[in-house]
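The structure appears right after this line, and notes come after that.
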Amino acid sequence: MIGIATAVDVAALKDSTLLNMGIFGLFVAVTMVIVFRASRNNKTAADYYAAGRSFTGSQNGTAIAGDYLSAASFLGITGAIAVNGYDGFMYSIGFLVAWLVALLLVAELLRNTGKFTMADVLSFRLQQRPVRIAAAISTLAVCFFYLLAQMAGAGSLVSLLLGISDWGGQALVIIVVGGLMIMYVLIGGMKGTTWVQIIKAVLLIAGAAVMTLWVLAIYGFNLSSLLGAAVETANNPAVLNPGLQYGKTETSKLDFMSLGLALVLGTAALPHVLMRFYTVPTAKEARKSVVWAIWLIGLFYLFTLVLGYGAAALVGSETIRTAPGGVNAAAPLLAFYLGGPLLLGFISAVAFATILAVVAGLTITAAASFAHDIYASVISKGKADADTEVKVARRTVVVIGILAILGGILANGQNVAFLVALAFAVAASANLPTIVYSLFWRKFTTQGAVWSMYGGLGAAIVLIIFSPVVSGGATSMIKDANFALFPLSNPGIVSIPLAFFLGWLGTVTDKKREDTAKQAEMEVRSLTGVGAEKAVNH
Amino acid sequence: MGNDAHTPDAAASVDFEQVQSTQQFQELRKRHRSFVFPMAVAFLLWYFAYVLLADYAVGFMSTKVWGNINVGLILGLLQFVSTFAITSWYVSYSNRRLDPIAAEIRDEIEGHEFDKDGNRVGGVNK
């Protein structure tokens, strides 16, 4: 089989549907048992939102990798490399380098100053109400975009793996995925969700490692021959060079800069990633988590480089493009080529589990933000007790679950890696300036925070609505209309600098001064960890 | 719970402005910032230089170096290497230069007013 690019018979994939479902069913059964066991000790709000702060740095780091290596990373990047060559690789570089922002500037300081949500940190020394509401709204918006991407991924994965290509059948599967996710989060809270992410991360990285070694073995562990084979199958030497996807026009080059900016600045502002830092007992463990996550995620992206070019060489970009599920099908098709139905079944079950775990993580973040920031702090003005707050959080989980299912059915068929990039742009615009300013700029004020958050969020969303993503292009959501006034598909290059500027402008024009005692407290707490909530012992 | 982000804790009655003004804390702040700021600027510049090269210097990036391996791939892999290197460097810097002094300040604040079991043994009542 060495070097012979036999075509993968896509129709034969349907024969392994039962096997795929069996492996996936096994994963659900095993994780459910673990979630049940893990949730027996869920009593307080700290248990439900932050897993009792009882995870170690390495466990949390693995869970972060599980949270971060979403379907977009696995299916999307492998597919992007297989079809667009080098340009796909640049996604992974942006996604990885971004972790340095989280490591150096955010993770430990945030762990030391907050309790459950991003808004805890942002509103620490500013006026509680306006800042908390703004932070909660942007948290919900980012989670919503990210959820859409994951649910859309579930749809396209299903069409390939289970051979369900009609709209109703895919919708049914999205409902099942959504229903399972609601159960995990309701029963397990943060602890259950974290365990699902850990298991999934181990399976995903192990599966990708096996496939990577397999592909490399076919080419005698020589990266150069693998690349040569990819060029040969594609019949286009340009797959090894940058620019195949983004180098066409000046606009697309600018779009690529915008994407690069959003990727590198978005990670440290993703609310579901930030919330993971609260599941560890100390800032030192938060640092350890990021270090683990960086190694695991970096390793995984090196695998996707091999897998992407492997799929290009062995499966061929024509077969991938025309397969049900399109570009997202590259990794499963490569698994089928290498290991037949069994490896395909394993890889697809892992991909499903990926979607399930990431969706669960997003849901608990959104629910915590609503219950803790909007319900407890704003609606009931701090009078709600912890039990009521957790009850509200659980109800919010159900509502968000249903919204995610509906959104997923509507977004079915959209490009997954792309939707995730939009979520990154929204996060980097709405959250990052305020996070950085409130941690490092003594003079930062409430008005600056509010201007920056609403300005960044609003600019990002308005630019997306008037971009070619929504209308006017062959791959737009609305194909029949054209109101694409903004030429770029990623808003980051405009909305991120704008949000930083608004934060500065809002602050220097603000006549009110913030409480200097609170500023001192935040700075001392953030750097020393004084008074940070420790692990809860049961 | 509720409006205040913090439950009463070991640091509830501390004069943080006084702590902030101590030389020890200023030193910690200086050590932290003098590492993370230049490092953040450095890796962001290196990342954007790479993105700009891939975007506008396709010819250079496509230069073959060894077999099918070109400059673009090598620079891309070097981004991985630099990320891993900065991570390890930061960890060792924190362990040596930041953690000990942070722990000292923390002990001073918490140790004065609380014994090992967290019971108040002195200090100003709120």
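Quick note on naming: the chains in the structure tokens go A, B, ... in the order shown, residues restart at 1 in each chain, and ligands are numbered from 1 in order of appearance.
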
With 6 Å as the cut-off and only C-alpha atoms counted, what is the closest atom pair between each nearby residue of chain A and chain B? Distances in Å to one decimal, ordered by chain and number, as CSV.
residue,atom,partner,partner_atom,distance
A:Leu104,CA,B:Val36,CA,5.6
A:Asp120,CA,B:Ala5,CA,5.7
A:Ser224,CA,B:Asn68,CA,4.9
A:Asn241,CA,B:Ser62,CA,5.2
A:Pro242,CA,B:Ala54,CA,5.6
A:Lys253,CA,B:Asp55,CA,5.9
A:Ala376,CA,B:Gly2,CA,5.5
A:Ser377,CA,B:Asn3,CA,4.7
A:Gly382,CA,B:Gly2,CA,3.9
A:Ala517,CA,B:Glu17,CA,5.9
A:Ala520,CA,B:Glu17,CA,5.2
A:Glu521,CA,B:Phe16,CA,5.0
A:Thr528,CA,B:Ala102,CA,4.7
A:Val530,CA,B:Arg106,CA,5.4
A:Gly531,CA,B:Ala11,CA,5.0

What does the file look like for those residues with N, CA and C atoms, as a PDB file, in the first residue's frame?
ATOM      1  N   LEU A 104       1.319  34.493  29.944  1.00  0.00           N
ATOM      2  CA  LEU A 104       2.101  35.589  30.499  1.00  0.00           C
ATOM      3  C   LEU A 104       1.231  36.666  31.132  1.00  0.00           C
ATOM      4  N   ASP A 120     -16.218  38.615  37.308  1.00  0.00           N
ATOM      5  CA  ASP A 120     -15.679  38.806  38.660  1.00  0.00           C
ATOM      6  C   ASP A 120     -14.421  39.660  38.615  1.00  0.00           C
ATOM      7  N   SER A 224       9.797  15.151   4.041  1.00  0.00           N
ATOM      8  CA  SER A 224       9.959  15.665   2.683  1.00  0.00           C
ATOM      9  C   SER A 224       9.244  14.779   1.666  1.00  0.00           C
ATOM     10  N   ASN A 241       3.252  26.096  -0.343  1.00  0.00           N
ATOM     11  CA  ASN A 241       3.565  27.514  -0.173  1.00  0.00           C
ATOM     12  C   ASN A 241       2.383  28.269   0.418  1.00  0.00           C
ATOM     13  N   PRO A 242       2.682  29.365   1.107  1.00  0.00           N
ATOM     14  CA  PRO A 242       1.564  30.172   1.596  1.00  0.00           C
ATOM     15  C   PRO A 242       0.828  30.825   0.431  1.00  0.00           C
ATOM     16  N   LYS A 253      -5.519  39.109   1.301  1.00  0.00           N
ATOM     17  CA  LYS A 253      -4.298  39.181   2.121  1.00  0.00           C
ATOM     18  C   LYS A 253      -4.564  39.943   3.420  1.00  0.00           C
ATOM     19  N   ALA A 376     -27.808  36.702  40.001  1.00  0.00           N
ATOM     20  CA  ALA A 376     -27.474  36.928  41.408  1.00  0.00           C
ATOM     21  C   ALA A 376     -27.067  38.375  41.686  1.00  0.00           C
ATOM     22  N   SER A 377     -26.283  38.962  40.775  1.00  0.00           N
ATOM     23  CA  SER A 377     -25.747  40.289  41.088  1.00  0.00           C
ATOM     24  C   SER A 377     -26.654  41.420  40.649  1.00  0.00           C
ATOM     25  N   GLY A 382     -27.847  40.731  44.665  1.00  0.00           N
ATOM     26  CA  GLY A 382     -26.988  40.107  45.657  1.00  0.00           C
ATOM     27  C   GLY A 382     -27.716  39.435  46.793  1.00  0.00           C
ATOM     28  N   ALA A 517      -8.264  52.269  46.740  1.00  0.00           N
ATOM     29  CA  ALA A 517      -8.066  51.141  47.656  1.00  0.00           C
ATOM     30  C   ALA A 517      -8.383  49.831  46.948  1.00  0.00           C
ATOM     31  N   ALA A 520      -5.562  48.989  44.634  1.00  0.00           N
ATOM     32  CA  ALA A 520      -4.437  48.411  45.372  1.00  0.00           C
ATOM     33  C   ALA A 520      -4.739  46.963  45.739  1.00  0.00           C
ATOM     34  N   GLU A 521      -5.987  46.730  46.181  1.00  0.00           N
ATOM     35  CA  GLU A 521      -6.350  45.373  46.583  1.00  0.00           C
ATOM     36  C   GLU A 521      -6.240  44.418  45.397  1.00  0.00           C
ATOM     37  N   THR A 528       0.030  38.318  44.325  1.00  0.00           N
ATOM     38  CA  THR A 528       0.483  37.476  45.438  1.00  0.00           C
ATOM     39  C   THR A 528      -0.443  36.307  45.721  1.00  0.00           C
ATOM     40  N   VAL A 530      -3.047  36.529  47.667  1.00  0.00           N
ATOM     41  CA  VAL A 530      -3.593  36.688  49.017  1.00  0.00           C
ATOM     42  C   VAL A 530      -5.104  36.506  48.989  1.00  0.00           C
ATOM     43  N   GLY A 531      -5.608  35.651  49.869  1.00  0.00           N
ATOM     44  CA  GLY A 531      -7.045  35.529  50.031  1.00  0.00           C
ATOM     45  C   GLY A 531      -7.774  34.823  48.913  1.00  0.00           C
TER      46      GLY A 531
END

Backbone DSSP call of strand (DSSP E or B) for segment 7-100 of chain B, listed as a VMD selection string: chain B and resid 64 to 66 69 to 70

Output C-alpha atoms for every residue in the selection just made, as an mmCIF file, in the first residue's frame.
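Output contents, as saved in again27.cif:
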data_model
loop_
_atom_site.group_PDB
_atom_site.id
_atom_site.type_symbol
_atom_site.label_atom_id
_atom_site.label_comp_id
_atom_site.auth_asym_id
_atom_site.auth_seq_id
_atom_site.Cartn_x
_atom_site.Cartn_y
_atom_site.Cartn_z
ATOM 1 C CA LYS B 64 13.180 25.159 -0.963
ATOM 2 C CA VAL B 65 15.785 24.476 1.678
ATOM 3 C CA TRP B 66 16.002 20.716 1.875
ATOM 4 C CA ILE B 69 10.913 21.532 2.982
ATOM 5 C CA ASN B 70 10.763 25.276 2.356
#

Shell of 12 Å around Phe346 of chain A, only C-alpha atoms, local chain residues under 3 positions omitted, as a ChimeraX atom specification: /A:16-17,19-27,161,200,203-204,206-208,210-211,331-332,335-336,339-343,349-353

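In this model, the gap between atom CA of Tyr68 of chain A and atom CA of Thr31 of chain A comes to 18.9 Å.
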
Selection: 12 Å around Asn112 of chain A, only C-alpha atoms, excl. self and same-chain fewer than 6 positions, as an NGL selection string: (:A and (106 or 120-121 or 124 or 277-287 or 439 or 521-534)) or (:B and (5-6 or 102 or 106))

Residues just named, written with C-alpha atoms as a CSV table (one decimal), in the first residue's frame:
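Here's the written file part39.csv:
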chain,number,residue,atom,x,y,z
A,106,VAL,CA,-3.9,36.6,32.1
A,120,ASP,CA,-15.7,38.8,38.7
A,121,VAL,CA,-12.3,40.1,37.5
A,124,PHE,CA,-13.4,43.9,40.8
A,277,PHE,CA,-8.6,28.6,35.6
A,278,TYR,CA,-11.0,28.7,38.5
A,279,THR,CA,-11.1,24.9,38.8
A,280,VAL,CA,-7.6,24.7,40.3
A,281,PRO,CA,-6.6,25.6,43.9
A,282,THR,CA,-3.8,28.2,43.3
A,283,ALA,CA,-2.3,30.5,40.7
A,284,LYS,CA,0.7,28.2,40.5
A,285,GLU,CA,-1.6,25.3,39.5
A,286,ALA,CA,-3.2,27.7,37.0
A,287,ARG,CA,0.2,28.3,35.5
A,439,LEU,CA,-5.1,44.1,35.3
A,521,GLU,CA,-6.3,45.4,46.6
A,522,MET,CA,-6.7,44.0,43.1
A,523,GLU,CA,-3.1,44.5,42.3
A,524,VAL,CA,-1.8,42.9,45.5
A,525,ARG,CA,-4.2,40.0,45.2
A,526,SER,CA,-3.5,39.4,41.6
A,527,LEU,CA,0.3,39.2,42.1
A,528,THR,CA,0.5,37.5,45.4
A,529,GLY,CA,-2.6,35.3,45.6
A,530,VAL,CA,-3.6,36.7,49.0
A,531,GLY,CA,-7.0,35.5,50.0
A,532,ALA,CA,-7.7,33.6,46.8
A,533,GLU,CA,-10.2,30.8,47.4
A,534,LYS,CA,-8.5,27.5,48.0
B,5,ALA,CA,-17.1,38.9,44.2
B,6,HIS,CA,-15.4,37.7,47.4
B,102,ALA,CA,4.9,36.5,46.4
B,106,ARG,CA,1.3,36.4,51.3

All residues 12 Å or closer to Ala98 of chain A, only C-alpha atoms, same chain fewer than 2 positions away omitted, as JSON, numbers by chain: {"A": [68, 91, 92, 93, 94, 95, 96, 100, 101, 102, 103, 104, 105, 106, 260, 261, 262, 263, 264, 265, 266, 267, 268, 269, 270, 290, 293, 294, 297, 298, 424, 428], "B": [40, 43, 44, 47, 48, 79, 80, 83, 87]}

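Minimum distance to Gly153 of chain A across A:Pro491, A:Gly503, A:Gly76, A:Gly401 (counting only C-alpha atoms) occurs at A:Gly76.
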
Using only C-alpha atoms: which of A:Pro130, A:Ile175, A:Tyr184, A:Ala45 has the shortest distance to Val33 of chain A: A:Tyr184

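Nearest to Met190 of chain A of all the residues A:Arg129, A:Lys383, A:Lys248, A:Arg53 is A:Arg53, based on only C-alpha atoms.
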
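Atom CA of Pro433 of chain A to atom CA of Ile465 of chain A spans 22.3 Å [interatomic distance, one decimal].
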